Amino acid sequence: QVQLVESGGGLVQPGGSLRLSCAASRNILSFNIMGWYRQAPGRERELVATITTVSRTNYADSVKGRFTVSRDNAKNTVYLQMNSLKPEDTAVYYCTARTIAPKYDYWGQGTQVTVSS
């Protein structure tokens, strides 16, 4: 069973930064895509950023230029560097890992990010 464990969430003031980490229980090169989603209260879960095995990245328009997704294959860890945080970034952030054959999505438990003064 694959485990994805997020860390790094917390309370930060607007304009501040946080770095989220997602540690996988197996070699992350076995996943075709890894990434981050978030869910704010009363809203649907939405894509934040993804990264492929060759480090091709994709971002939601709302975070482009502020967030950076990266990976460290040696540590089986994916990161989300979040800068210039806004109150609307407040959400539970989930790490995800996808395999294509067979098609399956793994999810972490989530980590709370709160942006407030």
# chains A, B, ... in the order shown; residues from 1 in each chain; ligands from 1
>>> residues_around(residues="Glu6 in chain A", least_positions_apart="3", cutoff="12 Å", atoms="only C-alpha atoms", output="PDB file with N, CA, C and O atoms, in the first residue's frame")
ATOM      1  N   GLN A   3       1.859   5.011   0.684  1.00  0.00           N
ATOM      2  CA  GLN A   3       1.541   6.096   1.609  1.00  0.00           C
ATOM      3  C   GLN A   3       2.181   7.384   1.125  1.00  0.00           C
ATOM      4  O   GLN A   3       3.344   7.390   0.712  1.00  0.00           O
ATOM      5  N   GLY A   9       2.515  22.431   6.471  1.00  0.00           N
ATOM      6  CA  GLY A   9       1.411  23.387   6.545  1.00  0.00           C
ATOM      7  C   GLY A   9       1.472  24.193   7.827  1.00  0.00           C
ATOM      8  O   GLY A   9       2.278  23.936   8.717  1.00  0.00           O
ATOM      9  N   GLY A  10       0.590  25.190   7.910  1.00  0.00           N
ATOM     10  CA  GLY A  10       0.544  26.011   9.108  1.00  0.00           C
ATOM     11  C   GLY A  10      -0.135  27.333   8.851  1.00  0.00           C
ATOM     12  O   GLY A  10      -0.795  27.523   7.827  1.00  0.00           O
ATOM     13  N   ARG A  19       6.649  26.022   2.611  1.00  0.00           N
ATOM     14  CA  ARG A  19       7.030  24.929   1.720  1.00  0.00           C
ATOM     15  C   ARG A  19       6.407  23.636   2.223  1.00  0.00           C
ATOM     16  O   ARG A  19       6.669  23.208   3.352  1.00  0.00           O
ATOM     17  N   LEU A  20       5.590  23.034   1.388  1.00  0.00           N
ATOM     18  CA  LEU A  20       4.983  21.755   1.697  1.00  0.00           C
ATOM     19  C   LEU A  20       5.853  20.625   1.150  1.00  0.00           C
ATOM     20  O   LEU A  20       6.478  20.775   0.097  1.00  0.00           O
ATOM     21  N   SER A  21       5.875  19.530   1.883  1.00  0.00           N
ATOM     22  CA  SER A  21       6.600  18.331   1.447  1.00  0.00           C
ATOM     23  C   SER A  21       5.643  17.156   1.380  1.00  0.00           C
ATOM     24  O   SER A  21       4.699  17.076   2.180  1.00  0.00           O
ATOM     25  N   CYS A  22       5.898  16.263   0.467  1.00  0.00           N
ATOM     26  CA  CYS A  22       5.116  15.034   0.336  1.00  0.00           C
ATOM     27  C   CYS A  22       6.093  13.882   0.192  1.00  0.00           C
ATOM     28  O   CYS A  22       6.755  13.750  -0.849  1.00  0.00           O
ATOM     29  N   ALA A  23       6.173  13.070   1.229  1.00  0.00           N
ATOM     30  CA  ALA A  23       7.085  11.930   1.224  1.00  0.00           C
ATOM     31  C   ALA A  23       6.312  10.665   0.862  1.00  0.00           C
ATOM     32  O   ALA A  23       5.305  10.348   1.500  1.00  0.00           O
ATOM     33  N   ALA A  24       6.801   9.963  -0.148  1.00  0.00           N
ATOM     34  CA  ALA A  24       6.146   8.736  -0.609  1.00  0.00           C
ATOM     35  C   ALA A  24       6.841   7.506  -0.022  1.00  0.00           C
ATOM     36  O   ALA A  24       8.043   7.535   0.247  1.00  0.00           O
ATOM     37  N   SER A  25       6.055   6.433   0.125  1.00  0.00           N
ATOM     38  CA  SER A  25       6.591   5.210   0.730  1.00  0.00           C
ATOM     39  C   SER A  25       7.268   4.306  -0.295  1.00  0.00           C
ATOM     40  O   SER A  25       7.752   3.230   0.066  1.00  0.00           O
ATOM     41  N   GLY A  35       1.571  15.513  -7.691  1.00  0.00           N
ATOM     42  CA  GLY A  35       1.159  16.898  -7.617  1.00  0.00           C
ATOM     43  C   GLY A  35       0.416  17.242  -6.353  1.00  0.00           C
ATOM     44  O   GLY A  35       0.410  16.475  -5.385  1.00  0.00           O
ATOM     45  N   TRP A  36      -0.178  18.413  -6.418  1.00  0.00           N
ATOM     46  CA  TRP A  36      -0.889  18.959  -5.277  1.00  0.00           C
ATOM     47  C   TRP A  36      -2.267  19.460  -5.704  1.00  0.00           C
ATOM     48  O   TRP A  36      -2.402  20.102  -6.755  1.00  0.00           O
ATOM     49  N   TYR A  37      -3.239  19.163  -4.867  1.00  0.00           N
ATOM     50  CA  TYR A  37      -4.577  19.707  -4.981  1.00  0.00           C
ATOM     51  C   TYR A  37      -4.872  20.425  -3.663  1.00  0.00           C
ATOM     52  O   TYR A  37      -4.175  20.247  -2.666  1.00  0.00           O
ATOM     53  N   THR A  77      10.454  12.441  -2.560  1.00  0.00           N
ATOM     54  CA  THR A  77       9.690  13.559  -2.009  1.00  0.00           C
ATOM     55  C   THR A  77       9.390  14.586  -3.092  1.00  0.00           C
ATOM     56  O   THR A  77      10.236  14.877  -3.933  1.00  0.00           O
ATOM     57  N   VAL A  78       8.177  15.117  -3.030  1.00  0.00           N
ATOM     58  CA  VAL A  78       7.743  16.214  -3.887  1.00  0.00           C
ATOM     59  C   VAL A  78       7.466  17.419  -2.994  1.00  0.00           C
ATOM     60  O   VAL A  78       6.974  17.266  -1.871  1.00  0.00           O
ATOM     61  N   TYR A  79       7.785  18.590  -3.500  1.00  0.00           N
ATOM     62  CA  TYR A  79       7.644  19.820  -2.727  1.00  0.00           C
ATOM     63  C   TYR A  79       6.706  20.798  -3.426  1.00  0.00           C
ATOM     64  O   TYR A  79       6.540  20.757  -4.644  1.00  0.00           O
ATOM     65  N   LEU A  80       6.139  21.689  -2.631  1.00  0.00           N
ATOM     66  CA  LEU A  80       5.381  22.816  -3.170  1.00  0.00           C
ATOM     67  C   LEU A  80       5.843  24.056  -2.413  1.00  0.00           C
ATOM     68  O   LEU A  80       5.530  24.222  -1.231  1.00  0.00           O
ATOM     69  N   VAL A  92      -7.030  23.002   2.715  1.00  0.00           N
ATOM     70  CA  VAL A  92      -6.289  21.775   2.990  1.00  0.00           C
ATOM     71  C   VAL A  92      -5.599  21.369   1.697  1.00  0.00           C
ATOM     72  O   VAL A  92      -6.263  21.268   0.650  1.00  0.00           O
ATOM     73  N   TYR A  93      -4.309  21.156   1.760  1.00  0.00           N
ATOM     74  CA  TYR A  93      -3.526  20.793   0.579  1.00  0.00           C
ATOM     75  C   TYR A  93      -3.230  19.296   0.605  1.00  0.00           C
ATOM     76  O   TYR A  93      -2.749  18.766   1.609  1.00  0.00           O
ATOM     77  N   TYR A  94      -3.535  18.650  -0.517  1.00  0.00           N
ATOM     78  CA  TYR A  94      -3.377  17.211  -0.635  1.00  0.00           C
ATOM     79  C   TYR A  94      -2.305  16.875  -1.677  1.00  0.00           C
ATOM     80  O   TYR A  94      -2.305  17.435  -2.780  1.00  0.00           O
ATOM     81  N   CYS A  95      -1.452  15.939  -1.319  1.00  0.00           N
ATOM     82  CA  CYS A  95      -0.503  15.393  -2.272  1.00  0.00           C
ATOM     83  C   CYS A  95      -1.163  14.240  -3.026  1.00  0.00           C
ATOM     84  O   CYS A  95      -1.949  13.485  -2.442  1.00  0.00           O
ATOM     85  N   THR A  96      -0.863  14.116  -4.289  1.00  0.00           N
ATOM     86  CA  THR A  96      -1.418  13.030  -5.079  1.00  0.00           C
ATOM     87  C   THR A  96      -0.348  12.421  -5.969  1.00  0.00           C
ATOM     88  O   THR A  96       0.602  13.105  -6.377  1.00  0.00           O
ATOM     89  N   TRP A 107      -3.675   9.301  -2.659  1.00  0.00           N
ATOM     90  CA  TRP A 107      -3.846  10.595  -1.997  1.00  0.00           C
ATOM     91  C   TRP A 107      -3.247  10.565  -0.602  1.00  0.00           C
ATOM     92  O   TRP A 107      -3.311   9.556   0.096  1.00  0.00           O
ATOM     93  N   GLY A 108      -2.690  11.691  -0.190  1.00  0.00           N
ATOM     94  CA  GLY A 108      -2.270  11.855   1.181  1.00  0.00           C
ATOM     95  C   GLY A 108      -3.431  12.291   2.052  1.00  0.00           C
ATOM     96  O   GLY A 108      -4.559  12.474   1.574  1.00  0.00           O
ATOM     97  N   GLN A 109      -3.148  12.469   3.334  1.00  0.00           N
ATOM     98  CA  GLN A 109      -4.194  12.845   4.287  1.00  0.00           C
ATOM     99  C   GLN A 109      -4.488  14.338   4.264  1.00  0.00           C
ATOM    100  O   GLN A 109      -5.537  14.765   4.760  1.00  0.00           O
ATOM    101  N   GLY A 110      -3.570  15.113   3.740  1.00  0.00           N
ATOM    102  CA  GLY A 110      -3.779  16.557   3.655  1.00  0.00           C
ATOM    103  C   GLY A 110      -3.080  17.313   4.770  1.00  0.00           C
ATOM    104  O   GLY A 110      -2.865  16.782   5.866  1.00  0.00           O
ATOM    105  N   THR A 111      -2.737  18.553   4.472  1.00  0.00           N
ATOM    106  CA  THR A 111      -2.138  19.446   5.469  1.00  0.00           C
ATOM    107  C   THR A 111      -2.790  20.814   5.345  1.00  0.00           C
ATOM    108  O   THR A 111      -2.997  21.320   4.241  1.00  0.00           O
ATOM    109  N   GLN A 112      -3.140  21.398   6.481  1.00  0.00           N
ATOM    110  CA  GLN A 112      -3.874  22.664   6.495  1.00  0.00           C
ATOM    111  C   GLN A 112      -2.919  23.831   6.280  1.00  0.00           C
ATOM    112  O   GLN A 112      -1.875  23.933   6.941  1.00  0.00           O
ATOM    113  N   VAL A 113      -3.295  24.709   5.377  1.00  0.00           N
ATOM    114  CA  VAL A 113      -2.595  25.975   5.169  1.00  0.00           C
ATOM    115  C   VAL A 113      -3.584  27.090   5.418  1.00  0.00           C
ATOM    116  O   VAL A 113      -4.650  27.138   4.794  1.00  0.00           O
TER     117      VAL A 113
END
>>> residues_around(residues="Val69 in chain A", least_positions_apart="2", cutoff="7 Å", atoms="only C-alpha atoms", output="JSON, numbers by chain")
{"A": [49, 50, 51, 67, 79, 80, 81]}
>>> residues_around(residues="Lys86 in chain A", least_positions_apart="5", cutoff="10 Å", atoms="only C-alpha atoms", output="MDAnalysis selection string")
chainID A and resid 12:17 63 114:116
>>> residues_around(residues="Leu29 in chain A", least_positions_apart="3", cutoff="12 Å", atoms="only C-alpha atoms", output="mmCIF file with N, CA and C atoms, in the first residue's frame")
data_model
loop_
_atom_site.group_PDB
_atom_site.id
_atom_site.type_symbol
_atom_site.label_atom_id
_atom_site.label_comp_id
_atom_site.auth_asym_id
_atom_site.auth_seq_id
_atom_site.Cartn_x
_atom_site.Cartn_y
_atom_site.Cartn_z
ATOM 1 N N ALA A 24 6.801 9.963 -0.148
ATOM 2 C CA ALA A 24 6.146 8.736 -0.609
ATOM 3 C C ALA A 24 6.841 7.506 -0.022
ATOM 4 N N SER A 25 6.055 6.433 0.125
ATOM 5 C CA SER A 25 6.591 5.210 0.730
ATOM 6 C C SER A 25 7.268 4.306 -0.295
ATOM 7 N N ARG A 26 7.276 4.718 -1.561
ATOM 8 C CA ARG A 26 8.011 3.964 -2.570
ATOM 9 C C ARG A 26 8.626 4.912 -3.592
ATOM 10 N N ASN A 32 3.518 8.241 -12.688
ATOM 11 C CA ASN A 32 3.637 9.037 -13.915
ATOM 12 C C ASN A 32 3.550 10.534 -13.632
ATOM 13 N N ILE A 33 2.676 10.872 -12.697
ATOM 14 C CA ILE A 33 2.488 12.284 -12.341
ATOM 15 C C ILE A 33 2.315 12.381 -10.837
ATOM 16 N N MET A 34 2.921 13.387 -10.248
ATOM 17 C CA MET A 34 2.649 13.715 -8.855
ATOM 18 C C MET A 34 2.246 15.175 -8.783
ATOM 19 N N ILE A 51 3.670 17.609 -11.498
ATOM 20 C CA ILE A 51 5.016 17.443 -12.033
ATOM 21 C C ILE A 51 5.163 16.010 -12.521
ATOM 22 N N THR A 52 5.744 15.835 -13.706
ATOM 23 C CA THR A 52 5.916 14.502 -14.270
ATOM 24 C C THR A 52 7.291 13.936 -13.887
ATOM 25 N N THR A 53 7.542 12.713 -14.356
ATOM 26 C CA THR A 53 8.818 12.065 -14.042
ATOM 27 C C THR A 53 10.008 12.790 -14.676
ATOM 28 N N VAL A 54 9.733 13.575 -15.738
ATOM 29 C CA VAL A 54 10.815 14.351 -16.363
ATOM 30 C C VAL A 54 10.729 15.815 -15.954
ATOM 31 N N SER A 55 10.008 16.046 -14.850
ATOM 32 C CA SER A 55 9.906 17.378 -14.233
ATOM 33 C C SER A 55 9.192 18.403 -15.104
ATOM 34 N N ARG A 71 10.712 18.140 -7.303
ATOM 35 C CA ARG A 71 10.824 16.773 -6.801
ATOM 36 C C ARG A 71 12.271 16.442 -6.503
ATOM 37 N N ASP A 72 12.448 15.549 -5.528
ATOM 38 C CA ASP A 72 13.769 15.010 -5.215
ATOM 39 C C ASP A 72 13.629 13.497 -5.264
ATOM 40 N N ASN A 73 14.016 12.909 -6.374
ATOM 41 C CA ASN A 73 13.813 11.473 -6.558
ATOM 42 C C ASN A 73 14.597 10.647 -5.537
ATOM 43 N N ALA A 74 15.750 11.127 -5.134
ATOM 44 C CA ALA A 74 16.564 10.390 -4.172
ATOM 45 C C ALA A 74 15.881 10.286 -2.812
ATOM 46 N N LYS A 75 15.067 11.294 -2.505
ATOM 47 C CA LYS A 75 14.352 11.313 -1.225
ATOM 48 C C LYS A 75 12.907 10.871 -1.359
ATOM 49 N N ASN A 76 12.494 10.529 -2.583
ATOM 50 C CA ASN A 76 11.091 10.143 -2.829
ATOM 51 C C ASN A 76 10.126 11.195 -2.292
ATOM 52 N N THR A 77 10.454 12.441 -2.560
ATOM 53 C CA THR A 77 9.690 13.559 -2.009
ATOM 54 C C THR A 77 9.390 14.586 -3.092
ATOM 55 N N VAL A 78 8.177 15.117 -3.030
ATOM 56 C CA VAL A 78 7.743 16.214 -3.887
ATOM 57 C C VAL A 78 7.466 17.419 -2.994
ATOM 58 N N ALA A 97 -0.523 11.128 -6.251
ATOM 59 C CA ALA A 97 0.391 10.410 -7.141
ATOM 60 C C ALA A 97 -0.449 9.533 -8.052
ATOM 61 N N ARG A 98 -0.158 9.577 -9.337
ATOM 62 C CA ARG A 98 -0.980 8.855 -10.317
ATOM 63 C C ARG A 98 -0.123 7.884 -11.118
ATOM 64 N N THR A 99 -0.672 6.662 -11.261
ATOM 65 C CA THR A 99 -0.112 5.719 -12.214
ATOM 66 C C THR A 99 -1.079 5.601 -13.377
#
>>> select_by_dssp(residues="chain A", states="strand (DSSP E or B)", output="VMD selection string")
chain A and resid 4 to 7 10 to 12 18 to 24 33 to 39 46 to 52 57 to 59 67 to 72 77 to 82 91 to 99 104 to 107 111 to 115
>>> atom_distance(atom1="CA of Thr90 in chain A", atom2="CA of Pro41 in chain A")
8.9 Å
>>> select_by_dssp(residues="range 13-111 of chain A", states="helix (DSSP H, G or I)", output="list of chain:residue names")
A:Ile28, A:Leu29, A:Ser30, A:Asn73, A:Ala74, A:Lys75, A:Pro87, A:Glu88, A:Asp89
>>> write_last_selection(atoms="C-alpha atoms", output="PDB file, in the first residue's frame")
ATOM      1  CA  ILE A  28       8.338   8.234  -6.899  1.00  0.00           C
ATOM      2  CA  LEU A  29       9.637   7.429 -10.377  1.00  0.00           C
ATOM      3  CA  SER A  30       7.008   4.671 -10.362  1.00  0.00           C
ATOM      4  CA  ASN A  73      13.813  11.473  -6.558  1.00  0.00           C
ATOM      5  CA  ALA A  74      16.564  10.390  -4.172  1.00  0.00           C
ATOM      6  CA  LYS A  75      14.352  11.313  -1.225  1.00  0.00           C
ATOM      7  CA  PRO A  87      -5.978  34.610   2.171  1.00  0.00           C
ATOM      8  CA  GLU A  88      -7.670  32.837  -0.739  1.00  0.00           C
ATOM      9  CA  ASP A  89      -4.880  30.235  -0.671  1.00  0.00           C
TER      10      ASP A  89
END
>>> residues_around(residues="Leu18 in chain A", least_positions_apart="4", cutoff="7 Å", atoms="only C-alpha atoms", output="PyMOL selection string")
chain A and resi 8+81-83
